[in-house]
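Colleague: Would you mind keeping the following structure in view while I ask a few things?
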Amino acid sequence: MSTLLLLLITGVGLGALYFLVASGLSLIYGLMGVLNFAHGSFLTLAGFLGWEVGRRVGDGTWGGLLAGMLVGLVVGALVAAVTELVFIRRLYQRHIEQVLVTVGLGLATVALFEGIWGTDPIRIAKPAWLGGTTDVLGASVPNDRWLLIGAAAVVLGLIVLFLRATPYGLVIRAGVENRTMVTALGIDVRRAFTVVFAIGGAAAGLGGVLASVYYGQVSAHQGTSLLIYAFIVTVIGGLGSLAGAAVASVLVAVIQQLANFYLGGTGDLAVVLALAAVLLVRPRGLLGKAAAR
Amino acid sequence: MSAVLEVRGLSARIAGQQVVEDVAFDVAAQGVTALLGRNGVGKSSTIKALLGILERTGEVVFDGTRIDRMLTHRIVQRGIAYVPEDREVFGSLTVAENLRLAERDGTHRDAVARLFPELDERAAQQAGTLSGGQQQMVSLARALMNDNRLLLVDEPTKGLAPRIVGDVTRALRDAAERTPMLLVEQNLQVVRDLAHTVVVLSGGRVVHTGPAAEFLDSPLVHRHLGVAGAEEAA
């Protein structure tokens with residue numbers, strides 16, 4: 001029982017990490033129809049810069065970690081906004097070119113990160129409490145999972161608040177449904193595009209710093225490997241659905257954890273099978289809708 | 001009568017296919033100009049091309065300014081409101097949110113509230129759950145609440161019950177008293193009630209321009225629209 005509980009809670013923790021990456025992907029696709037393969041680069045850069053700042057503020061301390069998280073948020077948002085303004089804005093409606101540019105950016109930035117920080121993962125120090133465990137009904141849950149779950153919950157809450165209670169949020173919700181009609185009401189939807197990219201980048205940036213905490217290291221390939229799961233989560237949840245991304249993040253991670261433990265390390269296979277099953281039974285994803293453009 | 005909108009050599013494509021070809025016409029600065037034609041001749045595409053929703057070439061002059069190279073939102077901000085063919089309300093947003101999104105200056109917000117009191121009662125309801133007639137009210141309200149200089153209205157009575165058609169026609173007549181309108185409409189009784197001029201499209205081109213009443217009473221109605229002049233009211 002305690003093993004199952006442990007797997008479930010750690011699954012939710014891993015799902016929280018997936019959500020931080022997938023939420024931005026889903027919003028960006030939902031509003032703009034852009035499959036952003038450079039999203040992992042936002043995460044990796046934020047992870048490295050967060051670590052660089054964090055260790056200078058206080059290696060392995062809460063102050064260092066909080067500084068790193070703040071840097072991750074800002075770096076992720078800025079790099080994503082610049083990416084949208086410089087590269088994506090010129091390629092609206094040109095989906096193949098978007099994929100080529102974002103894939104190219106993803107590949108080039110990994111090479112750049114390897115050139116700057118090396119090809120080997122860098123071990124990072126984290127506050128002592130995060131390295132410990134908390135007993136929950138006999139299950140020793142790693143404390144860093146609580147941080148991930150808390151951070152994802154806050155990000156989810158803030159994004160929902162932003163979407164529900166701000167004028168930009170209203171434009172974004174309408175734009176996800178029918179982008180053309182938003183412009184036909186006299187609204188410059190491109191600003192919303194930049195805002196959505198920045199929000200997605202900020203969430204990914206925070207995810208980059210917290211991924212370093214989760215894995216205990218930061219590497220040039222961190223974003224790429226997480227991006228694969230984030231895409232799976234985004235498709236299973238329904239492209240453009242934030243709630244779908246949240247549900248699918250937890251679902252994918254829990255399936256992965258359970259299969260890894262009970263089915264001999266077949267977590268990745270189980271996730272891919274889950275993706276195939278959803279695509280066959282419900283191609284729009286769990287909470288996805290057909291969107292007009 | 002002077003023109004608020006001058007269209008010259010307008011062509012448009014959808015996915016590489018020509019849907020509007022070298023179209024030229026004027027929209028008068030007062031009253032309703034109806035854009036007519038059989039299904040699929042490019043009426044809705046012409047309106048979308050004017051707004052820049054479709055890729056287009058040619059010259060479009062609005063109130064003395066060329067708008068054919070402007071982005072859609074810039075064109076609308078100049079005072080051109082659009083009521084799309086299929087209402088295109090935001091179904092997941094409430095009625096109030098749909099209206100808030102469309103509000104630029106809100107000059108006629110109170111007048112619209114009087115025109116469609118039902119929308120106020122249903123302000124918190126998701127627009128996607130409204131009937132077709134109610135959705136058309138939302139679509140019209142979005143366009144009529146601002147101080148526009150031209151209305152582009154595409155098939156406003158399509159699929160509506162006769163009683164609702166009457167309401168919509170009255171609302172459009174009121175709006176046309178203060179704002180010129182380019183109207184695409186299949187219901188020729190509505191055209192007869194509202195329009196003073198018709199522009200008739202066939203095969204993506206303009207084949208007739210002239211006074212509405214004269215056209216509707218002539219054999220040209222049958223030739224270009226496939227209905228007899230005397231029967232069109234049905």
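Letters for chains follow the order of the structure tokens (A, B, ...), residue numbers begin at 1 for each chain, and ligand numbers begin at 1 in the order shown.
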What are the residues of chain B lining chain A at 12 Å or less? Count only C-alpha atoms, and put the answer as a PyMOL selection string.
Modeller: chain B and resi 15+47-55+70-94+96-105+127-128+139-146+148+152
Colleague: From the DSSP assignment of the backbone, select every residue of range 8-79 of chain B that is alpha helix (DSSP H), and format the answer as a list of chain:residue names.
Modeller: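 After running DSSP on the backbone, range 8-79 of chain B has alpha helix (DSSP H) at B:Lys43, B:Ser44, B:Ser45, B:Thr46, B:Ile47, B:Lys48, B:Ala49, B:Leu50, B:Leu51, B:Thr72, B:His73, B:Arg74, B:Ile75, B:Val76, B:Gln77.
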Colleague: So how many Å separate CA of Ser45 in chain B and CA of Gln136 in chain B, to one decimal?
Modeller: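 Taking CA of Ser45 in chain B and CA of Gln136 in chain B, their separation equals 19.7 Å.
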Colleague: Provide the CA of Ala243 in chain A to CA of Thr134 in chain A distance in Å, to one decimal place.
Modeller: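 Value for the CA of Ala243 in chain A-CA of Thr134 in chain A distance: 28.6 Å.
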Colleague: Env of Arg145 in chain A: 10 Å cut, atoms = only C-alpha atoms, seq-sep filter 5 positions within chain, self excluded. Answer as number ranges by chain.
Modeller: A: 9-17, 130, 133, 150-151, 210, 213-214
Colleague: Find the residue from B:Pro156, B:Pro117, B:Pro211, B:Gly40 that sits nearest to Thr169 in chain B; use only C-alpha atoms when measuring.
Modeller: B:Pro156
Colleague: Excluding range 121-126 of chain A and its own-chain neighbours fewer than 4 positions away, which residues fall within 12 Å of it when counting only C-alpha atoms? Please give them as an MDAnalysis selection string.
Modeller: chainID A and resid 44 47:48 50:52 54:56 58:66 68 113:114 117 130:132 143:144 147 209:222
Colleague: Keeping N, CA and C atoms for every residue in the selection just given, could you write it to a file as a CSV table (one decimal), in the first residue's frame?
Modeller:
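File part.csv, as written:
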```
chain,number,residue,atom,x,y,z
A,44,THR,N,16.0,24.6,-20.9
A,44,THR,CA,17.4,24.3,-20.6
A,44,THR,C,18.2,25.6,-20.3
A,47,GLY,N,17.3,26.7,-16.9
A,47,GLY,CA,17.9,25.8,-16.0
A,47,GLY,C,19.4,26.2,-15.7
A,48,PHE,N,20.1,26.4,-16.8
A,48,PHE,CA,21.5,26.8,-16.6
A,48,PHE,C,21.7,28.1,-16.0
A,50,GLY,N,19.6,29.8,-14.2
A,50,GLY,CA,19.1,29.7,-12.8
A,50,GLY,C,20.1,29.1,-11.9
A,51,TRP,N,20.7,28.1,-12.4
A,51,TRP,CA,21.8,27.4,-11.6
A,51,TRP,C,23.0,28.4,-11.4
A,52,GLU,N,23.4,29.1,-12.5
A,52,GLU,CA,24.5,30.0,-12.4
A,52,GLU,C,24.3,31.1,-11.3
A,54,GLY,N,21.8,31.0,-9.0
A,54,GLY,CA,21.5,30.4,-7.7
A,54,GLY,C,22.8,30.0,-6.9
A,55,ARG,N,23.8,29.5,-7.6
A,55,ARG,CA,25.0,29.1,-6.8
A,55,ARG,C,25.8,30.3,-6.4
A,56,ARG,N,25.6,31.4,-7.1
A,56,ARG,CA,26.4,32.6,-6.7
A,56,ARG,C,25.7,33.3,-5.5
A,58,GLY,N,23.8,31.6,-3.3
A,58,GLY,CA,24.0,30.7,-2.1
A,58,GLY,C,23.8,29.2,-2.6
A,59,ASP,N,24.9,28.5,-2.9
A,59,ASP,CA,24.8,27.2,-3.4
A,59,ASP,C,24.2,26.2,-2.4
A,60,GLY,N,23.1,25.6,-2.8
A,60,GLY,CA,22.5,24.6,-1.9
A,60,GLY,C,21.6,25.2,-0.9
A,61,THR,N,21.3,26.5,-1.0
A,61,THR,CA,20.5,27.2,0.0
A,61,THR,C,19.1,27.6,-0.6
A,62,TRP,N,18.2,27.8,0.3
A,62,TRP,CA,16.9,28.3,-0.2
A,62,TRP,C,16.9,29.6,-0.9
A,63,GLY,N,17.8,30.5,-0.5
A,63,GLY,CA,17.9,31.8,-1.1
A,63,GLY,C,18.4,31.6,-2.6
A,64,GLY,N,19.4,30.7,-2.7
A,64,GLY,CA,19.9,30.4,-4.0
A,64,GLY,C,18.9,29.8,-4.9
A,65,LEU,N,18.1,28.9,-4.3
A,65,LEU,CA,17.1,28.2,-5.2
A,65,LEU,C,16.0,29.2,-5.6
A,66,LEU,N,15.6,30.0,-4.6
A,66,LEU,CA,14.5,31.0,-5.0
A,66,LEU,C,15.0,32.0,-6.0
A,68,GLY,N,17.3,31.3,-8.2
A,68,GLY,CA,17.3,30.6,-9.5
A,68,GLY,C,16.0,30.4,-10.1
A,113,PHE,N,24.5,25.4,-25.9
A,113,PHE,CA,24.6,25.1,-24.5
A,113,PHE,C,25.8,24.1,-24.2
A,114,GLU,N,26.0,23.1,-25.1
A,114,GLU,CA,27.1,22.2,-24.9
A,114,GLU,C,28.4,22.9,-25.0
A,117,TRP,N,28.5,25.1,-21.6
A,117,TRP,CA,28.5,24.4,-20.3
A,117,TRP,C,29.0,23.0,-20.4
A,130,LEU,N,15.1,19.4,0.8
A,130,LEU,CA,14.7,18.9,-0.5
A,130,LEU,C,15.3,17.5,-0.8
A,131,GLY,N,16.4,17.2,-0.2
A,131,GLY,CA,17.1,15.9,-0.3
A,131,GLY,C,16.5,14.9,0.6
A,132,GLY,N,15.7,15.3,1.5
A,132,GLY,CA,15.1,14.4,2.5
A,132,GLY,C,13.7,13.8,2.0
A,143,ASN,N,11.1,15.0,-0.7
A,143,ASN,CA,10.5,16.3,-0.4
A,143,ASN,C,10.5,17.2,-1.7
A,144,ASP,N,11.4,17.0,-2.6
A,144,ASP,CA,11.4,17.8,-3.8
A,144,ASP,C,10.1,17.7,-4.6
A,147,LEU,N,7.7,20.4,-3.6
A,147,LEU,CA,8.1,21.7,-4.3
A,147,LEU,C,7.5,21.7,-5.7
A,209,VAL,N,14.4,25.1,-14.0
A,209,VAL,CA,15.1,25.2,-12.7
A,209,VAL,C,14.7,24.0,-11.8
A,210,LEU,N,13.4,23.7,-11.7
A,210,LEU,CA,12.9,22.7,-10.9
A,210,LEU,C,13.2,21.3,-11.4
A,211,ALA,N,13.4,21.2,-12.7
A,211,ALA,CA,13.9,19.9,-13.3
A,211,ALA,C,15.3,19.6,-12.8
A,212,SER,N,16.1,20.7,-12.7
A,212,SER,CA,17.5,20.5,-12.1
A,212,SER,C,17.4,20.0,-10.7
A,213,VAL,N,16.4,20.5,-9.9
A,213,VAL,CA,16.3,20.0,-8.6
A,213,VAL,C,15.8,18.6,-8.6
A,214,TYR,N,14.9,18.3,-9.4
A,214,TYR,CA,14.3,16.9,-9.5
A,214,TYR,C,15.4,15.9,-9.9
A,215,TYR,N,16.1,16.2,-10.9
A,215,TYR,CA,17.1,15.2,-11.4
A,215,TYR,C,18.5,15.4,-10.7
A,216,GLY,N,18.6,16.5,-9.9
A,216,GLY,CA,19.9,16.7,-9.2
A,216,GLY,C,21.0,17.1,-10.2
A,217,GLN,N,20.7,17.5,-11.3
A,217,GLN,CA,21.7,18.0,-12.3
A,217,GLN,C,21.1,18.8,-13.4
A,218,VAL,N,21.9,19.5,-14.1
A,218,VAL,CA,21.4,20.3,-15.2
A,218,VAL,C,22.3,19.9,-16.4
A,219,SER,N,21.7,19.7,-17.6
A,219,SER,CA,22.4,19.4,-18.8
A,219,SER,C,21.8,20.0,-20.0
A,220,ALA,N,22.6,20.0,-21.1
A,220,ALA,CA,22.2,20.7,-22.3
A,220,ALA,C,21.0,20.0,-23.0
A,221,HIS,N,20.8,18.7,-22.6
A,221,HIS,CA,19.7,17.9,-23.2
A,221,HIS,C,18.5,17.8,-22.4
A,222,GLN,N,18.5,18.5,-21.2
A,222,GLN,CA,17.4,18.4,-20.3
A,222,GLN,C,16.0,18.8,-20.9
```
Colleague: Have a look at A:Val155, A:Thr3, A:Asp120, A:Thr166 and name the one nearest to Asp135 in chain A; count only C-alpha atoms.
Modeller: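 Ranked by minimum distance to Asp135 in chain A, first place goes to A:Thr3.
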Colleague: Residues near range 179-196 of chain B, anyone? I mean within 7 Å using only C-alpha atoms, not counting same-chain ones fewer than 2 positions away, as a compact mmCIF listing (two decimals) with N, CA and C atoms, in the first residue's frame.
Modeller:
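Result file follows (selection.txt):
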```txt
# COMPACT_ATOMS: atom_id res chain seq x y z
N VAL B 27 -19.46 51.22 -52.51
CA VAL B 27 -20.50 51.17 -51.47
C VAL B 27 -20.85 52.61 -51.13
N ALA B 28 -22.13 52.94 -51.30
CA ALA B 28 -22.55 54.33 -51.10
C ALA B 28 -22.36 54.77 -49.66
N ALA B 29 -22.15 56.05 -49.48
CA ALA B 29 -21.89 56.61 -48.15
C ALA B 29 -23.14 56.64 -47.27
N GLN B 30 -24.29 56.33 -47.87
CA GLN B 30 -25.52 56.25 -47.08
C GLN B 30 -26.32 55.02 -47.52
N GLY B 31 -27.06 54.46 -46.59
CA GLY B 31 -27.97 53.37 -46.92
C GLY B 31 -27.26 52.03 -47.10
N VAL B 32 -28.02 51.11 -47.72
CA VAL B 32 -27.56 49.73 -47.82
C VAL B 32 -27.27 49.37 -49.26
N THR B 33 -26.08 48.87 -49.51
CA THR B 33 -25.72 48.30 -50.80
C THR B 33 -25.70 46.79 -50.62
N ALA B 34 -26.49 46.09 -51.44
CA ALA B 34 -26.55 44.63 -51.30
C ALA B 34 -25.63 43.96 -52.31
N LEU B 35 -24.88 42.99 -51.84
CA LEU B 35 -24.00 42.20 -52.70
C LEU B 35 -24.69 40.86 -52.92
N LEU B 36 -25.15 40.63 -54.15
CA LEU B 36 -25.98 39.46 -54.42
C LEU B 36 -25.29 38.49 -55.36
N LYS B 43 -19.43 35.95 -52.69
CA LYS B 43 -19.92 37.12 -51.94
C LYS B 43 -19.22 37.22 -50.57
N ASN B 148 -19.32 52.98 -35.80
CA ASN B 148 -18.66 52.56 -37.04
C ASN B 148 -18.95 53.51 -38.19
N ARG B 149 -18.15 53.38 -39.23
CA ARG B 149 -18.38 54.19 -40.44
C ARG B 149 -18.82 53.32 -41.60
N LEU B 150 -18.77 52.00 -41.41
CA LEU B 150 -19.26 51.07 -42.43
C LEU B 150 -19.54 49.72 -41.76
N LEU B 151 -20.65 49.12 -42.16
CA LEU B 151 -20.98 47.78 -41.66
C LEU B 151 -20.88 46.78 -42.81
N LEU B 152 -20.19 45.68 -42.60
CA LEU B 152 -20.14 44.59 -43.56
C LEU B 152 -20.93 43.44 -42.93
N VAL B 153 -22.09 43.16 -43.51
CA VAL B 153 -23.01 42.20 -42.88
C VAL B 153 -23.24 41.04 -43.83
N ASP B 154 -22.86 39.85 -43.40
CA ASP B 154 -22.88 38.68 -44.28
C ASP B 154 -23.98 37.71 -43.86
N GLU B 155 -25.00 37.60 -44.69
CA GLU B 155 -26.11 36.66 -44.50
C GLU B 155 -26.67 36.69 -43.07
N THR B 169 -34.05 42.24 -39.38
CA THR B 169 -34.23 43.24 -40.44
C THR B 169 -34.47 44.62 -39.84
N ARG B 173 -32.17 47.88 -40.29
CA ARG B 173 -32.71 49.12 -40.84
C ARG B 173 -32.35 50.29 -39.93
N ALA B 175 -29.81 50.44 -37.91
CA ALA B 175 -28.35 50.68 -38.01
C ALA B 175 -28.01 51.43 -39.29
N ALA B 176 -28.71 51.06 -40.38
CA ALA B 176 -28.40 51.66 -41.69
C ALA B 176 -28.78 53.14 -41.74
N GLU B 177 -29.63 53.58 -40.82
CA GLU B 177 -29.98 54.99 -40.80
C GLU B 177 -28.79 55.86 -40.40
N VAL B 198 -27.86 47.41 -55.68
CA VAL B 198 -27.36 46.03 -55.67
C VAL B 198 -26.11 45.92 -56.54
N PRO B 211 -29.90 50.19 -59.18
CA PRO B 211 -30.89 50.35 -58.10
C PRO B 211 -31.51 49.00 -57.72
N ALA B 212 -31.75 48.81 -56.45
CA ALA B 212 -32.22 47.51 -55.96
C ALA B 212 -33.61 47.17 -56.49
N ALA B 213 -34.54 48.13 -56.37
CA ALA B 213 -35.93 47.84 -56.76
C ALA B 213 -36.01 47.49 -58.24
N GLU B 232 -39.70 36.15 -55.73
CA GLU B 232 -38.54 36.15 -54.85
C GLU B 232 -38.89 36.39 -53.40
N ALA B 233 -40.02 37.10 -53.20
CA ALA B 233 -40.38 37.43 -51.82
C ALA B 233 -40.65 36.20 -50.99
```
Colleague: Give the strand (DSSP E) residues of range 57-194 of chain B, as assigned by DSSP on the backbone, as a list in words.
Modeller: Thr57, Gly58, Glu59, Val60, Val61, Phe62, Thr65, Arg66, Ile80, Ala81, Tyr82, Val83, Leu150, Leu151, Leu152, Val153, Asp154, Met181, Leu182, Leu183 and Val184 of chain B
Colleague: Hey, can you check how far CA of Ile232 in chain A sits from CA of Leu8 in chain A?
Modeller: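 Between these atoms lies a distance of 19.4 Å.
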Colleague: List the spatial neighbours of Leu25 in chain A as a list of chain:residue names - criterion: any atom at most 8 Å away, only C-alpha atoms, same-chain residues fewer than 2 positions off excluded.
Modeller: A:Val21, A:Ala22, A:Ser23, A:Leu27, A:Ile28, A:Tyr29, A:Leu35, A:Asn36, A:His39, A:Gly200, A:Ala230, A:Phe231, A:Thr234
Colleague: Could you write those residues out with N, CA and C atoms, as a PDB file, in the first residue's frame?
Modeller:
```pdb
ATOM      1  N   VAL A  21       6.080  22.338 -18.322  1.00  0.00           N
ATOM      2  CA  VAL A  21       6.562  22.430 -19.707  1.00  0.00           C
ATOM      3  C   VAL A  21       5.377  22.420 -20.687  1.00  0.00           C
ATOM      4  N   ALA A  22       4.411  21.555 -20.418  1.00  0.00           N
ATOM      5  CA  ALA A  22       3.320  21.337 -21.384  1.00  0.00           C
ATOM      6  C   ALA A  22       2.306  22.480 -21.399  1.00  0.00           C
ATOM      7  N   SER A  23       2.141  23.189 -20.295  1.00  0.00           N
ATOM      8  CA  SER A  23       1.120  24.239 -20.251  1.00  0.00           C
ATOM      9  C   SER A  23       1.391  25.296 -21.317  1.00  0.00           C
ATOM     10  N   LEU A  27      -0.941  26.119 -24.657  1.00  0.00           N
ATOM     11  CA  LEU A  27      -1.495  27.464 -24.888  1.00  0.00           C
ATOM     12  C   LEU A  27      -1.013  28.023 -26.220  1.00  0.00           C
ATOM     13  N   ILE A  28       0.267  27.839 -26.500  1.00  0.00           N
ATOM     14  CA  ILE A  28       0.844  28.373 -27.743  1.00  0.00           C
ATOM     15  C   ILE A  28       0.190  27.703 -28.951  1.00  0.00           C
ATOM     16  N   TYR A  29       0.026  26.391 -28.890  1.00  0.00           N
ATOM     17  CA  TYR A  29      -0.614  25.719 -30.021  1.00  0.00           C
ATOM     18  C   TYR A  29      -2.084  26.149 -30.125  1.00  0.00           C
ATOM     19  N   LEU A  35       3.471  24.574 -33.323  1.00  0.00           N
ATOM     20  CA  LEU A  35       4.104  23.508 -32.560  1.00  0.00           C
ATOM     21  C   LEU A  35       5.538  23.959 -32.286  1.00  0.00           C
ATOM     22  N   ASN A  36       5.789  24.378 -31.065  1.00  0.00           N
ATOM     23  CA  ASN A  36       7.057  25.026 -30.759  1.00  0.00           C
ATOM     24  C   ASN A  36       8.098  24.011 -30.285  1.00  0.00           C
ATOM     25  N   HIS A  39      10.718  24.926 -27.493  1.00  0.00           N
ATOM     26  CA  HIS A  39      10.263  25.139 -26.116  1.00  0.00           C
ATOM     27  C   HIS A  39      11.243  24.542 -25.100  1.00  0.00           C
ATOM     28  N   GLY A 200       4.178  30.945 -21.481  1.00  0.00           N
ATOM     29  CA  GLY A 200       4.634  29.572 -21.666  1.00  0.00           C
ATOM     30  C   GLY A 200       6.114  29.440 -21.385  1.00  0.00           C
ATOM     31  N   ALA A 230       6.373  16.361 -22.764  1.00  0.00           N
ATOM     32  CA  ALA A 230       5.439  17.497 -22.778  1.00  0.00           C
ATOM     33  C   ALA A 230       4.547  17.453 -24.015  1.00  0.00           C
ATOM     34  N   PHE A 231       5.109  17.065 -25.151  1.00  0.00           N
ATOM     35  CA  PHE A 231       4.294  16.947 -26.363  1.00  0.00           C
ATOM     36  C   PHE A 231       3.255  15.836 -26.203  1.00  0.00           C
ATOM     37  N   THR A 234       0.587  17.132 -24.045  1.00  0.00           N
ATOM     38  CA  THR A 234      -0.222  18.137 -24.747  1.00  0.00           C
ATOM     39  C   THR A 234      -1.224  17.480 -25.692  1.00  0.00           C
TER      40      THR A 234
END
```
Colleague: Measuring between only C-alpha atoms, which one of B:Arg163, B:Arg223, B:Arg56, B:Arg122 shows the shortest distance to Ser202 in chain B?
Modeller: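 Among the listed residues, the smallest separation from Ser202 in chain B belongs to B:Arg223.
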Colleague: Which one of B:Ser218, B:Ser44, B:Thr129, B:Thr65 sits closest to Val95 in chain B if you count only C-alpha atoms?
Modeller: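 For Val95 in chain B, the nearest of the candidates is B:Thr129.
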